[in-house]
Amino acid sequence: MTATQVLITVIVLIVIAALGYGIWFVTRRRALQTRFGPEYDRAVAEGDSRLAAERELRERERRHAQLEIKELSAESRARYTTQWEEIQARFLDDPAGAVRDADALVSQVAAERGYPTGDHEESIAHLSVEHANTVGHLREAHEISQLSDRGEASTEQLRQAVVHYRTLFSELLGTADVTPSVHGRPSDRDDHAEAAAVAAEADAEHVTGFDDPAERHSAQLHRAAEDDVADVPRQRNGDVSHDTTSRS
């Protein structure tokens with residue numbers, strides 16, 4: 001083999017290796033994008049670089065793999081469903097208290113499933129691996145809950161917080177949304193909610209009189225929450241801020 005042939009062979013091998021690495025790299029990136037969805041975009045936007053964000057998401061996967069996640073028993077699902085119905089009924093007279101109870105119940109369900117719940121950001125990181133499309137609801141709800149603790153949340157914001165909590169709650173339950181409406185009719189939302197959300201958009205305003213929250217939330221959060229909105233009743237006193245600082 002001449003020197004020229006050797007050189008050509010080496011160049012071809014380098015090109016093949018580069019193509020192989022490129023395909024491997026793109027495949028790994030697409031796998032992260034598929035798994036994390038909106039969380040991928042959020043991590044890239046908040047990270048120092050795309051590569052740094054991807055390393056952080058892979059670290060989430062590694063930590064999640066060490067958890068022992070389990071399904072809830074039928075008895076636990078029934079018990080939590082009853083507790084959620086009580087929270088929704090309570091909202092009418094005590095919106096801030098209902099939000100606090102919803103936050104506690106979601107944490108309780110997550111803990112029984114096997115997720116760490118001590119630190120809020122850590123909990124979100126663990127949940128995002130298997131619940132990337134709904135964990136954003138927890139962020140939204142937590143922000144409103146903090147406003148409520150300072151007495152700065154309006155009734156409408158508190159209603160939205162309960163809706164956001166319910167979205168993740170239903171997914172953590174591991175079944176379709178089986179929570180009965182406080183109006184006495186069953187909910188139709190399935191685990192993924194995409195098909196049901198289309199129909200819900202048509203009748204949500206008629207049923208609840210809710211303003212479209214799309215200007216405050218991303219389109220994905222809005223579509224996922226829309227089908228739940230009818231089950232949280234309006235408070236009698238209208239849209240006012242609630243001073244919760246004196247509540248126990």
# chains A, B, ... in the order shown; residues from 1 in each chain; ligands from 1
call {"tool": "residues_around", "arguments": {"residues": "Phe91 (chain A)", "least_positions_apart": "2", "cutoff": "10 Å", "atoms": "only C-alpha atoms", "output": "number ranges by chain"}}
result
A: 86-89, 93-99, 101, 155, 158-159, 162, 232-235
call {"tool": "residues_around", "arguments": {"residues": "region 40-49 of chain A", "least_positions_apart": "6", "cutoff": "10 Å", "atoms": "only C-alpha atoms", "output": "PyMOL selection string"}}
result
chain A and resi 29+32-34+55-57+128+132+136
call {"tool": "closest_residue", "arguments": {"among": "A:Ala31, A:Leu173, A:Leu7, A:Ala111", "to": "Arg58 (chain A)", "atoms": "only C-alpha atoms"}}
result
A:Ala31
call {"tool": "atom_distance", "arguments": {"atom1": "CA of Ser170 (chain A)", "atom2": "CA of Thr81 (chain A)"}}
result
8.9 Å
call {"tool": "atom_distance", "arguments": {"atom1": "CA of Glu71 (chain A)", "atom2": "CA of Ser123 (chain A)"}}
result
17.5 Å
call {"tool": "atom_distance", "arguments": {"atom1": "CA of Asn133 (chain A)", "atom2": "CA of Asp149 (chain A)"}}
result
26.6 Å
call {"tool": "residues_around", "arguments": {"residues": "Arg79 (chain A)", "least_positions_apart": "4", "cutoff": "12 Å", "atoms": "only C-alpha atoms", "output": "list in words"}}
result
Leu72, Ser73, Ala74, Glu75, Gln83, Trp84, Glu85, Glu86, Leu105, Gln108, Val109, Leu173, Val178 and Thr179 of chain A
call {"tool": "select_by_dssp", "arguments": {"residues": "region 1-198 of chain A", "states": "helix (DSSP H, G or I)", "output": "VMD selection string"}}
result
chain A and resid 3 to 36 38 to 46 50 to 65 74 to 91 95 to 113 120 to 130 135 to 149 155 to 173 194 to 198
call {"tool": "closest_residue", "arguments": {"among": "A:Glu140, A:Leu172, A:Gln160, A:Arg30", "to": "Ile69 (chain A)", "atoms": "only C-alpha atoms"}}
result
A:Leu172
call {"tool": "residues_around", "arguments": {"residues": "His137 (chain A)", "least_positions_apart": "6", "cutoff": "8 Å", "atoms": "only C-alpha atoms", "output": "PyMOL selection string"}}
result
chain A and resi 164-165+167-168+221
